[in-house]
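What follows is the content of target-v9.tsv, which has TSV, C-alpha atoms and all ligand atoms:
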chain	number	residue	atom	x	y	z
A	1	MET	CA	22.03	-60.83	-0.71
A	2	TRP	CA	18.27	-60.60	-0.23
A	3	LYS	CA	16.03	-59.10	-2.82
A	4	SER	CA	15.55	-55.40	-2.15
A	5	ASN	CA	13.48	-54.47	-5.20
A	6	SER	CA	10.31	-54.03	-3.22
A	7	LEU	CA	11.72	-51.77	-0.52
A	8	ILE	CA	10.94	-48.60	-2.44
A	9	GLN	CA	7.39	-48.89	-3.75
A	10	ALA	CA	7.33	-45.75	-5.81
A	11	SER	CA	9.71	-42.84	-6.20
A	12	LYS	CA	8.54	-39.47	-4.90
A	13	LEU	CA	10.51	-37.89	-7.74
A	14	PRO	CA	10.03	-40.33	-10.62
A	15	ALA	CA	10.96	-37.74	-13.23
A	16	SER	CA	14.32	-36.85	-11.65
A	17	GLY	CA	17.60	-38.51	-12.46
A	18	THR	CA	20.97	-37.35	-11.14
A	19	THR	CA	21.30	-33.58	-11.57
A	20	ILE	CA	22.90	-32.41	-14.80
A	21	PHE	CA	25.63	-30.60	-12.83
A	22	THR	CA	26.82	-33.83	-11.26
A	23	VAL	CA	26.50	-35.74	-14.53
A	24	MET	CA	28.54	-33.22	-16.53
A	25	SER	CA	31.21	-32.66	-13.87
A	26	LYS	CA	31.74	-36.43	-13.68
A	27	MET	CA	31.94	-36.65	-17.46
A	28	ALA	CA	34.50	-33.81	-17.44
A	29	ARG	CA	36.61	-35.65	-14.85
A	30	ASP	CA	36.33	-38.99	-16.64
A	31	HIS	CA	37.54	-37.46	-19.92
A	32	GLY	CA	40.02	-34.96	-18.50
A	33	ALA	CA	38.01	-32.10	-20.04
A	34	ILE	CA	38.10	-28.45	-18.97
A	35	ASN	CA	35.02	-28.17	-16.82
A	36	LEU	CA	32.91	-25.18	-17.85
A	37	SER	CA	29.72	-27.06	-16.92
A	38	GLN	CA	28.83	-26.99	-13.19
A	39	GLY	CA	28.99	-23.43	-11.91
A	40	TYR	CA	31.94	-23.01	-9.59
A	41	PRO	CA	35.22	-21.09	-9.67
A	42	ASP	CA	38.54	-22.84	-10.34
A	43	PHE	CA	40.20	-20.35	-7.96
A	44	ASP	CA	39.98	-19.93	-4.21
A	45	GLY	CA	38.14	-17.48	-2.05
A	46	PRO	CA	40.01	-14.66	-0.24
A	47	ASP	CA	42.88	-15.82	2.02
A	48	ALA	CA	41.60	-13.80	4.97
A	49	LEU	CA	38.28	-15.64	4.82
A	50	ILE	CA	39.85	-19.08	4.61
A	51	GLU	CA	42.31	-18.29	7.40
A	52	ALA	CA	39.44	-17.09	9.58
A	53	VAL	CA	37.80	-20.53	9.43
A	54	GLY	CA	40.95	-22.15	10.85
A	55	TRP	CA	41.20	-19.43	13.49
A	56	HIS	CA	37.67	-20.07	14.71
A	57	MET	CA	38.15	-23.82	14.71
A	58	ASN	CA	41.24	-23.30	16.86
A	59	HIS	CA	39.45	-20.94	19.22
A	60	GLY	CA	36.53	-23.02	20.37
A	61	HIS	CA	33.83	-22.22	17.81
A	62	ASN	CA	33.10	-25.85	17.06
A	63	GLN	CA	29.70	-26.47	18.61
A	64	TYR	CA	26.17	-25.90	17.34
A	65	ALA	CA	25.45	-22.40	16.15
A	66	PRO	CA	22.07	-20.89	17.12
A	67	LEU	CA	19.15	-22.13	15.02
A	68	ALA	CA	18.82	-19.06	12.81
A	69	GLY	CA	22.53	-18.24	12.69
A	70	VAL	CA	25.41	-16.69	14.61
A	71	PRO	CA	24.17	-13.30	15.95
A	72	GLU	CA	27.25	-11.38	14.69
A	73	LEU	CA	26.63	-12.65	11.17
A	74	LEU	CA	22.90	-11.92	11.27
A	75	GLU	CA	23.66	-8.33	12.33
A	76	LEU	CA	26.18	-7.90	9.53
A	77	ILE	CA	23.78	-9.29	6.93
A	78	ALA	CA	21.14	-6.82	8.14
A	79	THR	CA	23.63	-3.93	7.77
A	80	LYS	CA	24.56	-5.08	4.28
A	81	ILE	CA	20.91	-5.30	3.20
A	82	LEU	CA	20.22	-1.83	4.53
A	83	ASP	CA	23.26	-0.40	2.71
A	84	LEU	CA	22.56	-2.18	-0.56
A	85	TYR	CA	18.81	-2.14	-0.86
A	86	GLY	CA	17.62	0.41	1.70
A	87	CYS	CA	15.67	-2.36	3.40
A	88	SER	CA	15.58	-2.52	7.17
A	89	VAL	CA	15.64	-6.17	8.28
A	90	GLU	CA	15.31	-7.36	11.87
A	91	PRO	CA	18.29	-9.71	12.43
A	92	THR	CA	16.64	-11.89	15.06
A	93	SER	CA	13.38	-12.62	13.25
A	94	GLU	CA	13.88	-12.02	9.53
A	95	ILE	CA	17.19	-13.71	8.61
A	96	VAL	CA	18.20	-17.38	8.66
A	97	VAL	CA	21.63	-18.67	7.61
A	98	THR	CA	21.25	-21.91	5.66
A	99	PRO	CA	23.47	-24.68	4.30
A	100	GLY	CA	23.44	-23.25	0.81
A	101	ALA	CA	20.65	-21.52	-1.07
A	102	THR	CA	19.29	-24.93	-2.06
A	103	GLU	CA	18.15	-25.77	1.48
A	104	ALA	CA	16.63	-22.31	1.81
A	105	ILE	CA	14.60	-22.83	-1.37
A	106	PHE	CA	13.40	-26.20	-0.10
A	107	CYS	CA	12.40	-24.77	3.28
A	108	ALA	CA	10.58	-21.81	1.71
A	109	VAL	CA	8.56	-24.02	-0.60
A	110	THR	CA	7.88	-26.60	2.10
A	111	ALA	CA	6.77	-23.89	4.50
A	112	CYS	CA	4.06	-22.63	2.16
A	113	VAL	CA	3.04	-25.17	-0.48
A	114	HIS	CA	0.30	-27.64	0.46
A	115	PRO	CA	-0.99	-30.52	-1.67
A	116	GLY	CA	-2.83	-29.18	-4.70
A	117	ASP	CA	-1.32	-25.68	-4.47
A	118	GLU	CA	-0.03	-24.26	-7.73
A	119	VAL	CA	3.41	-22.77	-8.20
A	120	ILE	CA	4.63	-20.83	-11.23
A	121	VAL	CA	8.20	-21.28	-12.48
A	122	PHE	CA	9.86	-19.86	-15.57
A	123	ASP	CA	11.65	-22.15	-18.01
A	124	PRO	CA	14.55	-22.65	-18.33
A	125	ALA	CA	14.17	-23.19	-14.55
A	126	TYR	CA	16.95	-24.13	-12.17
A	127	ASP	CA	16.56	-27.82	-11.50
A	128	THR	CA	15.85	-27.55	-7.76
A	129	TYR	CA	12.58	-25.69	-8.08
A	130	GLU	CA	10.12	-28.25	-9.40
A	131	PRO	CA	11.23	-31.16	-7.16
A	132	CYS	CA	10.65	-28.97	-4.09
A	133	VAL	CA	7.10	-28.31	-5.26
A	134	THR	CA	6.47	-31.95	-6.20
A	135	LEU	CA	7.70	-33.28	-2.84
A	136	ASN	CA	5.14	-31.04	-1.18
A	137	GLY	CA	2.28	-32.24	-3.35
A	138	GLY	CA	2.14	-28.98	-5.29
A	139	ILE	CA	1.54	-28.55	-9.01
A	140	THR	CA	4.15	-26.69	-11.04
A	141	HIS	CA	3.11	-24.44	-13.92
A	142	HIS	CA	5.96	-23.79	-16.32
A	143	ILE	CA	5.98	-20.55	-18.29
A	144	PRO	CA	8.75	-20.33	-20.90
A	145	LEU	CA	10.89	-17.21	-21.07
A	146	SER	CA	10.97	-15.55	-24.47
A	147	TYR	CA	13.81	-16.43	-26.84
A	148	PRO	CA	16.49	-15.18	-27.44
A	149	ASP	CA	16.30	-12.46	-24.77
A	150	PHE	CA	14.80	-14.64	-21.99
A	151	ARG	CA	12.25	-12.19	-20.65
A	152	ILE	CA	9.04	-12.94	-18.76
A	153	ASP	CA	5.72	-12.75	-20.61
A	154	TRP	CA	3.73	-11.06	-17.84
A	155	THR	CA	0.44	-11.33	-19.71
A	156	ARG	CA	0.88	-15.07	-19.65
A	157	VAL	CA	1.68	-14.94	-15.94
A	158	GLN	CA	-1.48	-12.94	-15.29
A	159	ASP	CA	-3.49	-15.47	-17.31
A	160	THR	CA	-1.99	-18.40	-15.37
A	161	VAL	CA	-2.63	-16.97	-11.91
A	162	ASN	CA	-5.79	-18.30	-10.30
A	163	PRO	CA	-7.10	-18.71	-6.72
A	164	ARG	CA	-5.01	-21.89	-6.26
A	165	THR	CA	-1.74	-20.10	-7.17
A	166	ARG	CA	0.28	-20.16	-3.96
A	167	MET	CA	3.72	-19.13	-5.10
A	168	ILE	CA	5.84	-17.71	-7.92
A	169	MET	CA	9.51	-18.69	-8.04
A	170	LEU	CA	11.75	-15.95	-9.36
A	171	ASN	CA	15.42	-15.84	-10.24
A	172	THR	CA	17.43	-12.77	-11.16
A	173	PRO	CA	20.24	-12.67	-12.30
A	174	HIS	CA	19.02	-15.76	-14.06
A	175	ASN	CA	20.66	-19.15	-14.18
A	176	PRO	CA	21.17	-20.58	-16.82
A	177	THR	CA	20.46	-17.68	-19.22
A	178	GLY	CA	22.35	-14.74	-17.66
A	179	SER	CA	19.38	-12.39	-18.13
A	180	ILE	CA	18.45	-9.87	-15.44
A	181	TRP	CA	15.26	-8.11	-14.44
A	182	ARG	CA	14.36	-4.56	-15.41
A	183	GLU	CA	12.11	-2.12	-13.57
A	184	GLU	CA	9.23	-3.05	-15.86
A	185	ASP	CA	9.39	-6.63	-14.52
A	186	ILE	CA	9.04	-5.32	-10.98
A	187	THR	CA	6.06	-3.19	-12.00
A	188	ALA	CA	4.40	-6.13	-13.75
A	189	LEU	CA	5.04	-8.50	-10.84
A	190	SER	CA	3.63	-5.95	-8.41
A	191	SER	CA	0.42	-5.73	-10.36
A	192	VAL	CA	0.11	-9.55	-10.71
A	193	VAL	CA	0.40	-10.18	-6.96
A	194	GLU	CA	-1.49	-7.16	-5.65
A	195	GLY	CA	-4.60	-8.22	-3.76
A	196	THR	CA	-3.58	-11.92	-3.77
A	197	ASP	CA	-1.98	-14.20	-1.16
A	198	ILE	CA	0.76	-15.26	-3.54
A	199	ILE	CA	4.13	-15.81	-1.90
A	200	LEU	CA	7.36	-15.13	-3.79
A	201	VAL	CA	10.55	-17.14	-3.61
A	202	SER	CA	13.29	-14.95	-5.04
A	203	ASP	CA	16.52	-16.76	-5.85
A	204	GLU	CA	19.08	-13.94	-5.91
A	205	VAL	CA	22.27	-15.93	-5.44
A	206	TYR	CA	24.01	-13.99	-8.25
A	207	GLU	CA	22.95	-10.62	-6.80
A	208	HIS	CA	26.52	-9.26	-6.93
A	209	ILE	CA	27.19	-10.30	-10.51
A	210	THR	CA	25.54	-7.87	-12.92
A	211	PHE	CA	27.22	-6.20	-15.87
A	212	ASP	CA	27.39	-3.06	-17.99
A	213	GLY	CA	26.40	-0.82	-15.09
A	214	SER	CA	23.09	-2.59	-14.40
A	215	GLU	CA	21.80	-2.65	-10.85
A	216	HIS	CA	20.51	-5.85	-9.28
A	217	LEU	CA	16.80	-5.40	-8.66
A	218	SER	CA	16.43	-7.29	-5.40
A	219	LEU	CA	12.86	-7.68	-4.23
A	220	LEU	CA	14.20	-6.28	-0.95
A	221	ARG	CA	14.17	-2.84	-2.60
A	222	TYR	CA	10.39	-2.97	-2.95
A	223	PRO	CA	8.40	-3.14	0.33
A	224	ASN	CA	5.21	-4.27	-1.44
A	225	LEU	CA	7.09	-7.33	-2.76
A	226	ALA	CA	9.52	-7.93	0.12
A	227	ASN	CA	6.59	-8.26	2.53
A	228	ARG	CA	5.49	-11.45	0.75
A	229	ALA	CA	8.90	-12.82	-0.29
A	230	TYR	CA	11.62	-15.22	0.73
A	231	CYS	CA	14.78	-13.58	-0.70
A	232	ILE	CA	17.63	-16.06	-0.90
A	233	SER	CA	21.33	-15.46	-1.39
A	234	SER	CA	24.62	-17.35	-1.27
A	235	PHE	CA	27.99	-16.74	0.31
A	236	GLY	CA	29.40	-19.49	-1.89
A	237	LYS	CA	28.93	-17.42	-5.05
A	238	THR	CA	30.00	-14.14	-3.48
A	239	TYR	CA	33.19	-15.41	-1.83
A	240	HIS	CA	34.15	-18.11	-4.37
A	241	VAL	CA	33.57	-20.94	-1.89
A	242	THR	CA	30.68	-22.94	-3.36
A	243	GLY	CA	31.82	-26.09	-1.55
A	244	TRP	CA	31.12	-24.51	1.82
A	245	ARG	CA	27.37	-24.72	1.19
A	246	ILE	CA	26.35	-21.59	3.00
A	247	GLY	CA	23.74	-19.00	2.17
A	248	TYR	CA	20.87	-17.15	3.79
A	249	CYS	CA	17.23	-16.30	3.50
A	250	ILE	CA	15.45	-13.06	4.36
A	251	ALA	CA	11.70	-12.92	4.89
A	252	PRO	CA	9.14	-11.10	7.03
A	253	PRO	CA	8.59	-12.67	10.48
A	254	LYS	CA	5.30	-14.36	9.61
A	255	LEU	CA	6.94	-16.20	6.71
A	256	MET	CA	10.15	-16.86	8.61
A	257	THR	CA	8.38	-18.55	11.53
A	258	GLU	CA	7.12	-21.26	9.19
A	259	PHE	CA	10.48	-21.44	7.42
A	260	LEU	CA	12.26	-22.08	10.74
A	261	ARG	CA	9.81	-24.81	11.67
A	262	ILE	CA	11.06	-26.74	8.63
A	263	HIS	CA	14.73	-25.70	8.73
A	264	GLN	CA	15.15	-26.88	12.35
A	265	PHE	CA	14.23	-30.43	11.39
A	266	ILE	CA	16.29	-30.61	8.20
A	267	ASN	CA	19.51	-29.00	9.24
A	268	PHE	CA	18.95	-27.65	12.74
A	269	ALA	CA	21.79	-25.10	12.61
A	270	THR	CA	24.25	-24.21	9.87
A	271	ASN	CA	28.02	-24.83	10.15
A	272	GLY	CA	29.32	-22.68	13.02
A	273	PRO	CA	32.98	-21.93	12.21
A	274	LEU	CA	32.07	-20.87	8.67
A	275	GLN	CA	29.53	-18.41	10.03
A	276	TYR	CA	32.05	-16.84	12.41
A	277	ALA	CA	34.60	-16.62	9.60
A	278	ILE	CA	32.17	-15.01	7.19
A	279	ALA	CA	31.14	-12.55	9.90
A	280	ASP	CA	34.80	-11.55	10.38
A	281	PHE	CA	35.28	-11.15	6.65
A	282	LEU	CA	32.10	-9.18	6.11
A	283	ARG	CA	33.05	-6.85	8.99
A	284	ASP	CA	36.65	-6.36	7.82
A	285	HIS	CA	35.93	-6.23	4.06
A	286	PRO	CA	32.45	-4.73	3.80
A	287	ARG	CA	33.00	-3.67	0.19
A	288	TYR	CA	34.39	-6.96	-1.17
A	289	HIS	CA	31.12	-7.96	-2.88
A	290	LEU	CA	30.99	-4.59	-4.66
A	291	GLY	CA	34.02	-5.62	-6.71
A	292	LEU	CA	32.44	-8.77	-8.13
A	293	ASN	CA	30.64	-7.04	-10.99
A	294	GLU	CA	33.87	-5.76	-12.44
A	295	PHE	CA	35.76	-8.96	-11.67
A	296	TYR	CA	33.29	-11.14	-13.56
A	297	GLU	CA	32.58	-8.60	-16.29
A	298	GLN	CA	36.25	-8.83	-17.26
A	299	LYS	CA	35.92	-12.62	-17.45
A	300	ARG	CA	32.70	-12.44	-19.46
A	301	ASN	CA	34.34	-10.02	-21.88
A	302	LEU	CA	37.45	-12.14	-22.19
A	303	PHE	CA	35.44	-15.31	-22.85
A	304	CYS	CA	33.14	-13.64	-25.40
A	305	ASP	CA	36.07	-11.92	-27.15
A	306	LEU	CA	38.03	-15.16	-27.35
A	307	LEU	CA	35.05	-16.91	-28.92
A	308	GLU	CA	34.21	-14.07	-31.31
A	309	PRO	CA	35.93	-15.82	-34.27
A	310	SER	CA	34.32	-19.20	-33.42
A	311	SER	CA	31.20	-20.73	-34.95
A	312	LEU	CA	29.38	-20.41	-31.66
A	313	ARG	CA	26.99	-17.47	-31.38
A	314	LEU	CA	27.09	-15.60	-28.09
A	315	SER	CA	25.02	-12.74	-26.84
A	316	PRO	CA	26.88	-11.44	-23.76
A	317	SER	CA	25.24	-12.25	-20.42
A	318	ALA	CA	23.79	-9.39	-18.39
A	319	GLY	CA	24.56	-11.14	-15.10
A	320	THR	CA	25.69	-14.40	-13.36
A	321	PHE	CA	28.91	-16.22	-14.26
A	322	PHE	CA	27.25	-18.11	-17.09
A	323	GLN	CA	27.32	-17.53	-20.82
A	324	LEU	CA	24.94	-19.14	-23.28
A	325	ALA	CA	26.13	-20.14	-26.73
A	326	ASP	CA	24.09	-21.13	-29.78
A	327	TYR	CA	25.83	-23.95	-31.66
A	328	SER	CA	23.35	-24.34	-34.52
A	329	LEU	CA	26.00	-23.36	-37.09
A	330	ILE	CA	28.09	-26.31	-35.92
A	331	SER	CA	25.63	-29.13	-35.40
A	332	ASP	CA	22.00	-30.26	-35.47
A	333	GLU	CA	22.49	-32.65	-32.56
A	334	PRO	CA	20.30	-32.25	-29.47
A	335	ASP	CA	22.18	-30.31	-26.80
A	336	THR	CA	22.57	-33.34	-24.50
A	337	GLU	CA	24.40	-35.20	-27.25
A	338	PHE	CA	26.38	-32.16	-28.33
A	339	THR	CA	27.64	-31.43	-24.79
A	340	SER	CA	28.55	-35.07	-24.31
A	341	ARG	CA	30.53	-35.11	-27.57
A	342	LEU	CA	32.09	-31.73	-26.76
A	343	THR	CA	33.34	-33.16	-23.47
A	344	ARG	CA	34.59	-36.46	-24.87
A	345	GLU	CA	36.05	-35.35	-28.20
A	346	HIS	CA	36.95	-31.69	-27.72
A	347	GLY	CA	37.80	-31.60	-24.00
A	348	VAL	CA	35.37	-28.87	-22.89
A	349	ALA	CA	32.36	-29.62	-20.67
A	350	ALA	CA	29.23	-27.45	-20.83
A	351	ILE	CA	25.60	-27.75	-19.68
A	352	PRO	CA	22.76	-28.55	-22.10
A	353	VAL	CA	20.01	-25.99	-21.55
A	354	SER	CA	17.07	-28.17	-22.69
A	355	VAL	CA	17.14	-30.05	-19.36
A	356	PHE	CA	15.78	-26.95	-17.64
A	357	TYR	CA	12.57	-26.97	-19.69
A	358	GLN	CA	9.33	-28.90	-19.32
A	359	ASP	CA	8.86	-28.65	-23.10
A	360	PRO	CA	12.28	-27.93	-24.59
A	361	PRO	CA	12.02	-25.52	-27.51
A	362	ASP	CA	13.72	-26.21	-30.82
A	363	GLN	CA	16.96	-24.51	-29.79
A	364	ARG	CA	20.62	-25.45	-29.98
A	365	VAL	CA	21.90	-23.70	-26.86
A	366	ILE	CA	24.44	-24.67	-24.20
A	367	ARG	CA	25.72	-22.96	-21.05
A	368	PHE	CA	29.34	-22.27	-20.16
A	369	CYS	CA	30.59	-21.18	-16.73
A	370	PHE	CA	33.23	-18.45	-16.98
A	371	ALA	CA	34.09	-18.35	-13.24
A	372	LYS	CA	37.53	-19.58	-14.21
A	373	GLN	CA	41.09	-18.32	-14.26
A	374	ASP	CA	41.84	-16.39	-17.43
A	375	ASP	CA	44.24	-19.11	-18.55
A	376	THR	CA	41.53	-21.74	-18.19
A	377	LEU	CA	39.22	-19.62	-20.34
A	378	ARG	CA	41.97	-19.15	-22.95
A	379	GLU	CA	42.66	-22.87	-23.10
A	380	ALA	CA	38.95	-23.72	-23.37
A	381	ALA	CA	38.37	-21.10	-26.05
A	382	GLY	CA	41.33	-22.47	-28.04
A	383	ARG	CA	39.60	-25.84	-28.11
A	384	LEU	CA	36.21	-24.35	-28.98
A	385	LEU	CA	37.68	-22.38	-31.88
A	386	LYS	CA	38.49	-25.70	-33.54
A	387	LEU	CA	34.84	-26.74	-33.69
A	401	LIG	N1	24.35	-23.67	-9.25
A	401	LIG	C1	25.34	-24.45	-9.93
A	401	LIG	C2	25.13	-24.35	-11.43
A	401	LIG	O1	24.15	-23.85	-11.88
A	401	LIG	C3	25.30	-25.91	-9.58
A	401	LIG	C4	25.07	-26.28	-8.16
A	401	LIG	C5	24.90	-27.75	-8.04
A	401	LIG	O2	25.60	-28.51	-8.69
A	401	LIG	N2	23.96	-28.15	-7.26
A	401	LIG	O3	25.96	-24.82	-12.16
Transcribe the structure of this file into structure tokens.
Ligand code: GLN
Amino acid sequence: MWKSNSLIQASKLPASGTTIFTVMSKMARDHGAINLSQGYPDFDGPDALIEAVGWHMNHGHNQYAPLAGVPELLELIATKILDLYGCSVEPTSEIVVTPGATEAIFCAVTACVHPGDEVIVFDPAYDTYEPCVTLNGGITHHIPLSYPDFRIDWTRVQDTVNPRTRMIMLNTPHNPTGSIWREEDITALSSVVEGTDIILVSDEVYEHITFDGSEHLSLLRYPNLANRAYCISSFGKTYHVTGWRIGYCIAPPKLMTEFLRIHQFINFATNGPLQYAIADFLRDHPRYHLGLNEFYEQKRNLFCDLLEPSSLRLSPSAGTFFQLADYSLISDEPDTEFTSRLTREHGVAAIPVSVFYQDPPDQRVIRFCFAKQDDTLREAAGRLLKL
């Protein structure tokens, strides 16, 4: 073998290791632990949806889909957005179907962020955001959410914004904390961006998972925000098929033109048969996503109730399929060590939350995914009660 050390001179992402989701899922597999770490269901999506993929593969839908997406699906997404958020979206110029929300986030950032541009993110921030900015030569400003309710300090946002601020990355319902936006956040955001050229990237992949009667406040409801936003969602979360890697982005034409310039050279077009299948399902079951709130609220309640007698402290999530837990009554260990020990010795994998911070606060908090069969949650809770 020849020496290859000098082939890569310098990493473009020197601060990034393997993502925590991959690390913890591997650890769960290696130790035979119940995997409540990486966010995915341990049950399948609807039969009709899965059968539709096979049908389309058997009926000739196996070649490239159009660049932005299969027209039937784009039309159905536009109808859904109008019904849900009262927002009229032009299917041929304002929607792109992407291989997961992750590619959409990358394209949105790459479309708009130039070297030296500043981007605001809120910590704990999903681990995709900063690398997208860094790869484009941008500078990320991290603003911590308040603790323990994980709200945005809008005064701090206003103080951080300056003429170099190009973008604010938003996420509601919020991963990993499970907090959701209120109307006052929308009002504050509107006043921060008014009169500026700031572009918004709104990660709304958990849009259909909000609890206790709360409405999801999509930016698409607010024309003054939607006209400067990339709003990104995920079929994987909505239809329990995260492995399909399929989502979509909605943005005004002027933003979408730049987005497509990037998307065409990364992915060209998104998986065809999946798009046809999702279009069939969306047409035949247009209310399916409306049942997710109740479906996951039952799981959140079950998980929190089961852990009520434990030494973990839980404040029920307002949205997403994640639940934070404070373990400070159990241990002083840093969360990375605690989650590793929890996986190895107690057979339950979780995600340490400190990895989503630039400056981790002095907290003992971990994240569980409750997108699991009730029996899985019962078994996991039984193990956690022994802590
Ligand atoms: N969004 C998922 C989570 O938060 C992980 C997706 C991934 O592993 N890239 O757990």
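Take the candidates A:His174, A:Arg378, A:His141, A:His285 and check each one against ligand LIG 401 (chain A) using all atoms listed in the file; the shortest distance goes to A:His174.
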Self-check item: Contacts with ligand LIG 401 (chain A) at most 10 Å, only C-alpha atoms and all ligand atoms counted, listed as a PyMOL selection string
Solution: chain A and resi 19-25+36-40+100-102+126-128+174-176+205-206+236-237+242-243+245+320-322+350-351+367-369
Go ahead and write the selection's residues with C-alpha atoms as a compact mmCIF listing (two decimals), keeping the file's coordinate frame.
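Saved as part05.txt:
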# COMPACT_ATOMS: atom_id res chain seq x y z
CA THR A 19 21.30 -33.58 -11.57
CA ILE A 20 22.90 -32.41 -14.80
CA PHE A 21 25.63 -30.60 -12.83
CA THR A 22 26.82 -33.83 -11.26
CA VAL A 23 26.50 -35.74 -14.53
CA MET A 24 28.54 -33.22 -16.53
CA SER A 25 31.21 -32.66 -13.87
CA LEU A 36 32.91 -25.18 -17.85
CA SER A 37 29.72 -27.06 -16.92
CA GLN A 38 28.83 -26.99 -13.19
CA GLY A 39 28.99 -23.43 -11.91
CA TYR A 40 31.94 -23.01 -9.59
CA GLY A 100 23.44 -23.25 0.81
CA ALA A 101 20.65 -21.52 -1.07
CA THR A 102 19.29 -24.93 -2.06
CA TYR A 126 16.95 -24.13 -12.17
CA ASP A 127 16.56 -27.82 -11.50
CA THR A 128 15.85 -27.55 -7.76
CA HIS A 174 19.02 -15.76 -14.06
CA ASN A 175 20.66 -19.15 -14.18
CA PRO A 176 21.17 -20.58 -16.82
CA VAL A 205 22.27 -15.93 -5.44
CA TYR A 206 24.01 -13.99 -8.25
CA GLY A 236 29.40 -19.49 -1.89
CA LYS A 237 28.93 -17.42 -5.05
CA THR A 242 30.68 -22.94 -3.36
CA GLY A 243 31.82 -26.09 -1.55
CA ARG A 245 27.37 -24.72 1.19
CA THR A 320 25.69 -14.40 -13.36
CA PHE A 321 28.91 -16.22 -14.26
CA PHE A 322 27.25 -18.11 -17.09
CA ALA A 350 29.23 -27.45 -20.83
CA ILE A 351 25.60 -27.75 -19.68
CA ARG A 367 25.72 -22.96 -21.05
CA PHE A 368 29.34 -22.27 -20.16
CA CYS A 369 30.59 -21.18 -16.73
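With distances restricted to all atoms listed in the file, A:Asn171 is the closest residue to A:Leu219 from A:Ser191, A:Asn171, A:Thr196, A:Thr155.
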Practice problem: For A:Ile105, list every protein, DNA or RNA residue within 12 Å, evaluated using only C-alpha atoms, and leave out those in the same chain fewer than 3 positions away; present the list as a ChimeraX atom specification. | Solution: /A:96,98-102,108-113,126-133,169-171,200-205,229-234,247-250,259,262-263
Self-check item: atom CA of A:Asp117 to atom CA of A:Pro253, distance in Å rounded to a single decimal
Solution: 22.2 Å
Exercise. State, in Å with one decimal place, the distance from atom CA of A:Arg228 to atom CA of A:Ile199.
Key: 5.3 Å
Please define a box with edges along x, y and z of the file around all atoms of stretch 375-387 of chain A given in the file, extend it by 3 Å on each side, and return its centre and edge lengths in Å to one decimal, as AutoDock Vina command-line options.
--center_x 39.5 --center_y -22.9 --center_z -25.9 --size_x 15.4 --size_y 13.6 --size_z 21.5
Self-check item: Nearby residues (all atoms listed in the file) at most 9 Å from A:Ala52, same-chain spacing under 5 positions excluded, as a list in words
Solution: Asp47, Met57, Pro273, Leu274, Tyr276, Ala277, Ile278, Asp280 and Phe281 of chain A
Residues of stretch 292-331 of chain A within 12 Å of stretch 146-154 of chain A: nearest atom pair and distance (Å, one decimal) for each, counting all atoms listed in the file, sorted by chain and number, as JSON lines?
{"residue": "A:Arg313", "atom": "CA", "partner": "A:Pro148", "partner_atom": "CA", "distance": 11.4}
{"residue": "A:Leu314", "atom": "CA", "partner": "A:Pro148", "partner_atom": "CA", "distance": 10.6}
{"residue": "A:Ser315", "atom": "CA", "partner": "A:Pro148", "partner_atom": "CA", "distance": 8.9}
{"residue": "A:Pro316", "atom": "CA", "partner": "A:Asp149", "partner_atom": "CA", "distance": 10.7}
{"residue": "A:Ser317", "atom": "CA", "partner": "A:Asp149", "partner_atom": "CA", "distance": 9.9}
{"residue": "A:Ala318", "atom": "CA", "partner": "A:Asp149", "partner_atom": "CA", "distance": 10.3}
{"residue": "A:Leu324", "atom": "CA", "partner": "A:Pro148", "partner_atom": "CA", "distance": 10.2}
{"residue": "A:Ala325", "atom": "CA", "partner": "A:Pro148", "partner_atom": "CA", "distance": 10.9}
{"residue": "A:Asp326", "atom": "CA", "partner": "A:Pro148", "partner_atom": "CA", "distance": 9.9}
Quiz prompt | Atom pair atom CA of A:Lys299 / atom CA of A:His31: separation (Å) | solution = 25.0 Å
Exercise. Name all residues at most 10 Å from A:Glu215 (count all atoms listed in the file; drop same-chain ones fewer than 3 positions away) and give them as an MDAnalysis selection string.
Key: chainID A and resid 180:182 207:212 218 293 319
Kindly reconstruct stretch 201-205 of chain A with N, CA, C and O atoms and present the result as a compact mmCIF listing (two decimals), keeping the file's coordinate frame.
# COMPACT_ATOMS: atom_id res chain seq x y z
N VAL A 201 9.23 -16.63 -3.99
CA VAL A 201 10.55 -17.14 -3.61
C VAL A 201 11.51 -16.52 -4.62
O VAL A 201 11.37 -16.75 -5.83
N SER A 202 12.42 -15.70 -4.13
CA SER A 202 13.29 -14.95 -5.04
C SER A 202 14.73 -15.45 -4.88
O SER A 202 15.38 -15.17 -3.87
N ASP A 203 15.17 -16.19 -5.86
CA ASP A 203 16.52 -16.76 -5.85
C ASP A 203 17.46 -15.70 -6.43
O ASP A 203 17.46 -15.44 -7.63
N GLU A 204 18.22 -15.07 -5.51
CA GLU A 204 19.08 -13.94 -5.91
C GLU A 204 20.55 -14.27 -5.64
O GLU A 204 21.34 -13.39 -5.28
N VAL A 205 20.92 -15.53 -5.84
CA VAL A 205 22.27 -15.93 -5.44
C VAL A 205 23.37 -15.25 -6.27
O VAL A 205 24.51 -15.18 -5.83
